[in-house]
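Reproduced below: my_file_5.cif, with mmCIF, C-alpha atoms.
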data_protein
loop_
_atom_site.label_atom_id
_atom_site.label_comp_id
_atom_site.auth_asym_id
_atom_site.auth_seq_id
_atom_site.Cartn_x
_atom_site.Cartn_y
_atom_site.Cartn_z
CA MET A 1 -15.76 1.27 16.77
CA VAL A 2 -16.32 3.05 13.46
CA PHE A 3 -17.94 1.02 10.67
CA GLN A 4 -17.88 1.15 6.88
CA ASN A 5 -21.57 2.00 7.12
CA TYR A 6 -21.91 5.22 9.08
CA ALA A 7 -24.83 3.71 11.08
CA LEU A 8 -26.33 7.10 11.95
CA TYR A 9 -29.90 7.27 13.17
CA PRO A 10 -31.74 9.19 10.42
CA HIS A 11 -34.37 10.65 12.79
CA MET A 12 -31.73 12.12 15.13
CA SER A 13 -29.65 15.25 14.69
CA VAL A 14 -25.86 15.19 14.61
CA LEU A 15 -25.81 16.25 18.26
CA GLU A 16 -28.18 13.46 19.24
CA ASN A 17 -26.26 10.83 17.28
CA ILE A 18 -22.95 11.78 18.87
CA SER A 19 -24.31 12.00 22.42
CA LEU A 20 -26.57 8.93 22.36
CA GLY A 21 -24.01 6.51 23.77
CA LEU A 22 -23.25 8.82 26.68
CA LYS A 23 -26.95 9.30 27.44
CA LEU A 24 -27.51 5.55 27.51
CA ARG A 25 -24.68 5.27 30.03
CA LYS A 26 -26.29 7.94 32.23
CA PHE A 27 -23.51 10.52 31.93
CA PRO A 28 -24.35 13.90 33.50
CA LYS A 29 -25.68 16.43 30.99
CA PRO A 30 -22.84 18.97 31.57
CA GLU A 31 -20.22 16.29 30.85
CA ILE A 32 -22.09 15.15 27.74
CA ALA A 33 -22.20 18.72 26.46
CA GLN A 34 -18.50 19.18 27.16
CA ARG A 35 -17.45 15.97 25.42
CA VAL A 36 -19.64 16.65 22.38
CA GLU A 37 -18.22 20.15 22.07
CA GLU A 38 -14.62 18.93 22.34
CA ALA A 39 -15.17 16.20 19.75
CA SER A 40 -17.09 18.41 17.33
CA VAL A 41 -14.41 21.11 17.45
CA MET A 42 -11.64 18.55 16.94
CA LEU A 43 -13.47 17.12 13.92
CA GLY A 44 -14.60 20.49 12.52
CA ILE A 45 -18.32 19.70 12.70
CA GLN A 46 -19.34 22.16 15.42
CA ASP A 47 -21.55 24.02 12.93
CA LEU A 48 -23.38 20.83 11.92
CA LEU A 49 -24.73 19.72 15.30
CA ASN A 50 -28.33 20.68 14.53
CA ARG A 51 -28.43 19.11 11.07
CA MET A 52 -29.96 15.75 10.20
CA PRO A 53 -27.85 12.98 8.59
CA ASP A 54 -29.55 13.37 5.19
CA GLN A 55 -28.32 16.98 5.11
CA LEU A 56 -24.67 15.92 5.33
CA SER A 57 -22.08 14.90 2.75
CA GLY A 58 -20.35 11.52 2.95
CA GLY A 59 -17.28 13.02 4.57
CA GLN A 60 -19.37 14.89 7.14
CA ARG A 61 -21.28 11.72 8.01
CA GLN A 62 -18.01 9.89 8.54
CA ARG A 63 -16.82 12.63 10.90
CA VAL A 64 -20.04 12.28 12.88
CA ALA A 65 -19.46 8.52 13.13
CA VAL A 66 -15.92 9.16 14.39
CA GLY A 67 -17.26 11.76 16.83
CA ARG A 68 -19.70 9.24 18.26
CA ALA A 69 -16.77 6.95 19.10
CA LEU A 70 -14.54 9.83 20.19
CA VAL A 71 -16.82 11.12 22.98
CA ARG A 72 -16.51 7.78 24.77
CA ARG A 73 -12.74 8.39 25.10
CA PRO A 74 -11.77 4.77 24.42
CA LYS A 75 -8.27 3.43 24.86
CA VAL A 76 -8.50 1.57 21.56
CA PHE A 77 -10.33 2.58 18.36
CA LEU A 78 -11.34 -0.02 15.77
CA PHE A 79 -11.95 1.33 12.27
CA ASP A 80 -13.56 -1.19 9.90
CA GLU A 81 -12.95 0.14 6.36
CA PRO A 82 -14.40 3.54 7.32
CA LEU A 83 -13.50 5.35 4.08
CA SER A 84 -14.56 2.84 1.44
CA ASN A 85 -17.86 4.63 0.73
CA LEU A 86 -16.16 7.97 -0.02
CA ASP A 87 -14.87 9.26 -3.35
CA ALA A 88 -11.12 9.34 -4.02
CA ARG A 89 -10.57 12.99 -3.10
CA MET A 90 -12.53 12.70 0.14
CA ARG A 91 -10.66 9.53 1.10
CA ILE A 92 -7.37 11.40 0.85
CA GLN A 93 -8.76 14.24 2.98
CA MET A 94 -10.11 11.84 5.61
CA ARG A 95 -6.81 9.93 5.72
CA MET A 96 -5.09 13.17 6.65
CA GLU A 97 -7.70 13.99 9.27
CA LEU A 98 -7.63 10.56 10.90
CA THR A 99 -3.82 10.59 10.97
CA GLU A 100 -3.89 14.00 12.66
CA LEU A 101 -6.54 12.76 15.10
CA HIS A 102 -4.30 9.83 16.00
CA ARG A 103 -1.41 12.20 16.63
CA LYS A 104 -3.51 14.42 18.90
CA LEU A 105 -5.12 11.61 20.91
CA GLY A 106 -2.18 9.22 21.13
CA SER A 107 -4.68 6.35 21.33
CA THR A 108 -4.20 2.93 19.79
CA MET A 109 -6.08 2.68 16.50
CA ILE A 110 -6.64 -0.61 14.68
CA TYR A 111 -7.60 0.14 11.12
CA VAL A 112 -8.96 -2.57 8.81
CA THR A 113 -8.58 -1.83 5.10
CA HIS A 114 -8.10 -3.49 1.71
CA ASP A 115 -6.60 -0.23 0.39
CA GLN A 116 -2.82 -0.51 0.57
CA ALA A 117 -2.46 3.27 0.15
CA GLU A 118 -4.39 3.76 3.40
CA ALA A 119 -2.23 1.18 5.15
CA MET A 120 1.05 2.63 3.90
CA THR A 121 0.21 6.28 4.56
CA MET A 122 -1.58 5.93 7.90
CA GLY A 123 -0.07 2.96 9.72
CA ASP A 124 2.79 2.90 12.20
CA ARG A 125 2.78 -0.87 11.74
CA ILE A 126 1.00 -2.98 9.15
CA MET A 127 -0.40 -6.46 9.70
CA VAL A 128 -0.88 -8.31 6.40
CA MET A 129 -3.49 -11.09 6.47
CA ASN A 130 -4.33 -13.74 3.87
CA ASN A 131 -7.45 -15.87 4.35
CA GLY A 132 -7.29 -15.30 8.09
CA SER A 133 -3.60 -16.20 8.31
CA LEU A 134 -1.06 -13.65 9.54
CA GLN A 135 1.67 -13.09 6.95
CA GLN A 136 3.81 -10.24 8.29
CA VAL A 137 3.75 -7.47 10.91
CA ALA A 138 6.21 -4.62 10.42
CA PRO A 139 6.52 -0.87 9.75
CA PRO A 140 5.28 0.19 6.29
CA LEU A 141 8.72 0.59 4.68
CA THR A 142 9.86 -2.80 5.98
CA ILE A 143 6.75 -4.40 4.51
CA TYR A 144 7.50 -2.67 1.20
CA ARG A 145 11.24 -3.30 1.05
CA LYS A 146 11.53 -6.68 2.79
CA PRO A 147 8.35 -8.71 2.31
CA VAL A 148 8.64 -12.14 3.92
CA ASN A 149 6.90 -14.05 1.13
CA GLN A 150 5.45 -13.75 -2.36
CA PHE A 151 1.96 -12.90 -1.15
CA VAL A 152 3.12 -9.83 0.77
CA ALA A 153 5.42 -8.83 -2.10
CA SER A 154 2.57 -8.91 -4.60
CA PHE A 155 -0.07 -7.43 -2.27
CA ILE A 156 1.84 -4.31 -1.22
CA GLY A 157 2.93 -1.88 -3.91
CA SER A 158 1.25 -0.38 -6.94
CA PRO A 159 2.30 -1.66 -9.39
CA PRO A 160 3.21 -4.79 -7.40
CA MET A 161 6.66 -6.29 -7.15
CA ASN A 162 7.95 -8.13 -10.22
CA LEU A 163 8.16 -11.84 -9.33
CA LEU A 164 10.09 -14.09 -11.73
CA LYS A 165 10.95 -17.78 -11.54
CA LEU A 166 14.71 -18.28 -11.40
CA HIS A 167 15.86 -21.46 -13.14
CA SER A 168 19.17 -23.35 -13.23
CA VAL A 169 20.96 -21.63 -10.39
CA LYS A 170 24.35 -23.19 -11.01
CA ILE A 171 27.38 -23.61 -8.82
CA THR A 172 28.95 -20.77 -10.77
CA ASP A 173 26.20 -18.49 -9.43
CA GLN A 174 24.98 -17.88 -12.96
CA ALA A 175 21.27 -17.09 -12.87
CA HIS A 176 18.98 -17.77 -15.81
CA LEU A 177 15.32 -16.94 -16.33
CA PRO A 178 13.60 -19.68 -18.33
CA GLY A 179 12.19 -18.61 -21.68
CA THR A 180 14.34 -15.48 -21.83
CA ASP A 181 17.69 -14.36 -23.11
CA SER A 182 18.98 -13.31 -19.73
CA VAL A 183 22.19 -13.62 -17.77
CA GLY A 184 23.74 -12.28 -14.64
CA ILE A 185 26.63 -13.24 -12.39
CA LEU A 186 25.00 -12.87 -8.99
CA ARG A 187 26.26 -13.35 -5.46
CA LEU A 188 23.44 -15.46 -4.09
CA PRO A 189 22.42 -15.17 -0.42
CA GLU A 190 23.74 -17.94 1.85
CA GLU A 191 20.22 -19.26 2.50
CA VAL A 192 19.60 -19.81 -1.23
CA VAL A 193 20.19 -23.44 -2.19
CA ILE A 194 22.00 -23.76 -5.51
CA GLY A 195 21.96 -26.63 -7.97
CA GLU A 196 21.07 -27.62 -11.52
CA ASN A 197 17.42 -28.41 -10.77
CA VAL A 198 16.76 -25.91 -7.99
CA HIS A 199 14.12 -23.27 -8.63
CA HIS A 200 13.59 -19.98 -6.85
CA VAL A 201 11.55 -16.84 -7.34
CA ILE A 202 13.29 -13.48 -7.48
CA GLY A 203 11.56 -10.20 -6.86
CA PHE A 204 12.30 -6.54 -7.46
CA ARG A 205 10.21 -3.37 -7.42
CA PRO A 206 9.47 -1.43 -10.64
CA GLU A 207 11.74 1.41 -9.49
CA GLN A 208 14.64 -0.97 -8.76
CA GLY A 209 15.08 -2.02 -12.38
CA HIS A 210 16.37 0.22 -15.15
CA LEU A 211 16.13 0.03 -18.93
CA LEU A 212 19.06 0.00 -21.32
CA GLU A 213 19.03 0.12 -25.10
CA GLU A 214 20.43 -2.98 -26.80
CA ASP A 215 23.67 -1.33 -27.93
CA GLU A 216 24.44 -0.35 -24.32
CA LEU A 217 24.83 -4.02 -23.41
CA LEU A 218 28.14 -4.26 -25.29
CA THR A 219 29.81 -1.85 -22.89
CA HIS A 220 28.03 -3.02 -19.75
CA ASP A 221 29.64 -5.20 -17.07
CA SER A 222 27.16 -7.93 -16.14
CA SER A 223 28.87 -8.80 -12.85
CA LYS A 224 26.63 -8.38 -9.81
CA THR A 225 23.77 -7.52 -12.16
CA LEU A 226 20.83 -9.38 -13.65
CA LEU A 227 20.29 -8.45 -17.30
CA ILE A 228 17.06 -9.43 -19.03
CA LYS A 229 16.29 -8.90 -22.72
CA GLY A 230 12.72 -8.06 -23.65
CA SER A 231 10.44 -5.89 -25.76
CA ILE A 232 8.22 -3.02 -24.67
CA GLN A 233 4.53 -3.97 -24.83
CA TRP A 234 2.84 -0.94 -23.31
CA LEU A 235 3.69 2.52 -21.97
CA GLU A 236 1.75 3.88 -18.99
CA PRO A 237 2.48 7.61 -18.47
CA THR A 238 1.56 8.96 -15.02
CA GLY A 239 3.01 12.46 -15.24
CA ALA A 240 6.54 12.76 -13.91
CA ASP A 241 7.04 8.99 -14.26
CA ILE A 242 6.16 6.38 -16.83
CA PHE A 243 5.58 2.68 -16.19
CA VAL A 244 7.12 0.61 -18.97
CA HIS A 245 5.59 -2.85 -19.45
CA VAL A 246 8.17 -5.25 -20.85
CA LEU A 247 7.61 -8.79 -22.10
CA ALA A 248 10.64 -11.05 -21.59
CA GLY A 249 9.73 -14.54 -22.76
CA PRO A 250 6.78 -15.56 -20.56
CA HIS A 251 7.55 -12.89 -17.98
CA LYS A 252 5.68 -9.60 -17.79
CA ILE A 253 7.85 -7.01 -16.07
CA ILE A 254 7.04 -3.42 -15.09
CA ILE A 255 9.79 -0.81 -14.81
CA ARG A 256 9.33 2.76 -13.60
CA GLU A 257 11.31 5.37 -15.51
CA THR A 258 11.17 9.15 -15.77
CA SER A 259 8.92 10.60 -18.46
CA GLU A 260 11.91 12.29 -20.10
CA MET A 261 13.06 8.94 -21.48
CA GLN A 262 11.74 8.34 -24.99
CA TRP A 263 10.72 4.68 -25.08
CA LYS A 264 8.55 3.16 -27.82
CA VAL A 265 6.19 0.20 -27.99
CA GLY A 266 7.95 -2.70 -29.71
CA GLN A 267 11.42 -1.43 -28.83
CA GLN A 268 13.95 -4.08 -27.76
CA VAL A 269 15.44 -3.24 -24.37
CA ILE A 270 17.59 -4.66 -21.60
CA ILE A 271 16.33 -4.65 -18.02
CA LYS A 272 19.16 -4.10 -15.56
CA VAL A 273 18.69 -5.05 -11.91
CA PRO A 274 21.60 -4.74 -9.44
CA GLU A 275 22.00 -7.85 -7.29
CA GLU A 276 21.56 -5.89 -4.06
CA GLU A 277 18.02 -5.00 -5.14
CA LEU A 278 16.94 -8.60 -5.67
CA LEU A 279 14.87 -10.57 -3.17
CA PHE A 280 14.79 -14.37 -3.23
CA PHE A 281 11.72 -16.40 -2.28
#
Please rewrite the model in this file as C-alpha cells.
Amino acid sequence: MVFQNYALYPHMSVLENISLGLKLRKFPKPEIAQRVEEASVMLGIQDLLNRMPDQLSGGQRQRVAVGRALVRRPKVFLFDEPLSNLDARMRIQMRMELTELHRKLGSTMIYVTHDQAEAMTMGDRIMVMNNGSLQQVAPPLTIYRKPVNQFVASFIGSPPMNLLKLHSVKITDQAHLPGTDSVGILRLPEEVVIGENVHHVIGFRPEQGHLLEEDELLTHDSSKTLLIKGSIQWLEPTGADIFVHVLAGPHKIIIRETSEMQWKVGQQVIIKVPEEELLFF
C-alpha cells in the first residue's frame, strides 16, 4: 500500500526505509539486497539509497514509498491518492512512471484518486463512487462517452458535460428547452417516455456542440439536430482551442471550438448539437 503521506522514517536512509519490511519478515540479507537493487533500478533511485528523506524532493520521496511496497512483490497494489502532495509537473511525470511500472509488473493496481485526469490517463477501468455508492465501472472512454447517470456525466470531463432540462417532449418528437428560443426535431430513444408534461435531462460534451452565427440558421436544416439560441458570456482561450461560455435562457452551456474562430463576448449565436451526440437521463 502506498499512501498520500509518504510515511518515511526520517531517521532512516532510503535503503533502510525500503528494506525495513523485509527485515521485519526475516528475509535473508542477500535476498533483501537483491530486491532493493531491483526496485531501486526500476524506479531510478539507485543513486539515492544512502540519502535521508529530508534530502529528497517530493517526487523522490514518492518513489521511495513505491519502492518500499515494490520489494514485497505483492499481487495487488493499493495507491491511496499518492500524487496529491506533488506539484502539477511532477504529478504528470509520476503518472507516466506509475503507468510504465504497471506495464512492467503486470500486477493489479487499485488507485484511489479525486483527480479525473489521473483516472482517465492511468486506468484500464474506472470505478466512480458517490458517497460510498458505486455509480459505474467501465473503461475510461466508456465512462466519458456513455455515463450511466447525471453524476458520472458531470464528474468526468473538464469542462464537465452540459446537462440541460428538456421540457415538453411532444408526440411530434419536438424538443424544447424551457426559457430558451430553441427547437429541434429529434428521434428520441425508445426508452424515453414522451408526453406534454414529461421532463428529461439531455447531455452533450463541449466538443459535441458547434456554434453557428445567427444568419446561418436560415439555411440550416433543423431535422435530427437540436438548435439553441444564446449569447456568448465569456471566452476561455486554452491555446489551440477556446471554450465558449454561452448563456441560453437559464442554461449555461460550454462549447469547445478552435482558436481560429473569431467569437466575441455578447455575440448572438446558435448552438448546434446533432441528435446522435445527445444523451438522455
Can you tell me which residues surround Met12 in chain A at a distance of at most 12 Å, considering all atoms listed in the file, apart from same-chain residues fewer than 2 positions away, and format the answer as number ranges by chain? A: 7-10, 14-20, 49-55, 64
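Selecting by distance to (18.2, 5.0, -23.7) with a limit of 9 Å and using all atoms listed in the file, one obtains Leu211, Leu212, Glu213, Glu214, Glu216, Met261, Gln262, Trp263 and Val269 of chain A.
The set of residues that the PyMOL selection byres ((chain A and resi 45) around 10) takes from this file is A:Val14, A:Leu15, A:Glu37, A:Ala39, A:Ser40, A:Val41, A:Met42, A:Leu43, A:Gly44, A:Gln46, A:Asp47, A:Leu48, A:Leu49, A:Gln60, A:Arg61, A:Arg63, A:Val64, A:Gly67.
Straight-line separation from CA of Pro274 in chain A to CA of Thr258 in chain A: 18.5 Å.
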Evaluate the PyMOL selection byres ((chain A and resi 204) around 8) here and jot the selected residues down as number ranges by chain. A: 161-163, 202-203, 205-206, 208-209, 273, 277-279
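Residue nearest Glu207 in chain A, chosen from A:Leu247, A:Leu227, A:Ile253, A:Val36 and counting all atoms listed in the file: A:Ile253.
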Counting only C-alpha atoms, find residues at most 12 Å from (9.6, -13.6, 1.6) (file frame) and give them as an MDAnalysis selection string. chainID A and resid 135:136 142:154 161 163 200:204 278:281
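The interatomic distance for the pair CA of Leu70 in chain A and CA of Gln4 in chain A works out to 16.2 Å.
Between CA of Lys264 in chain A and CA of Asp215 in chain A lies a distance of 15.8 Å.
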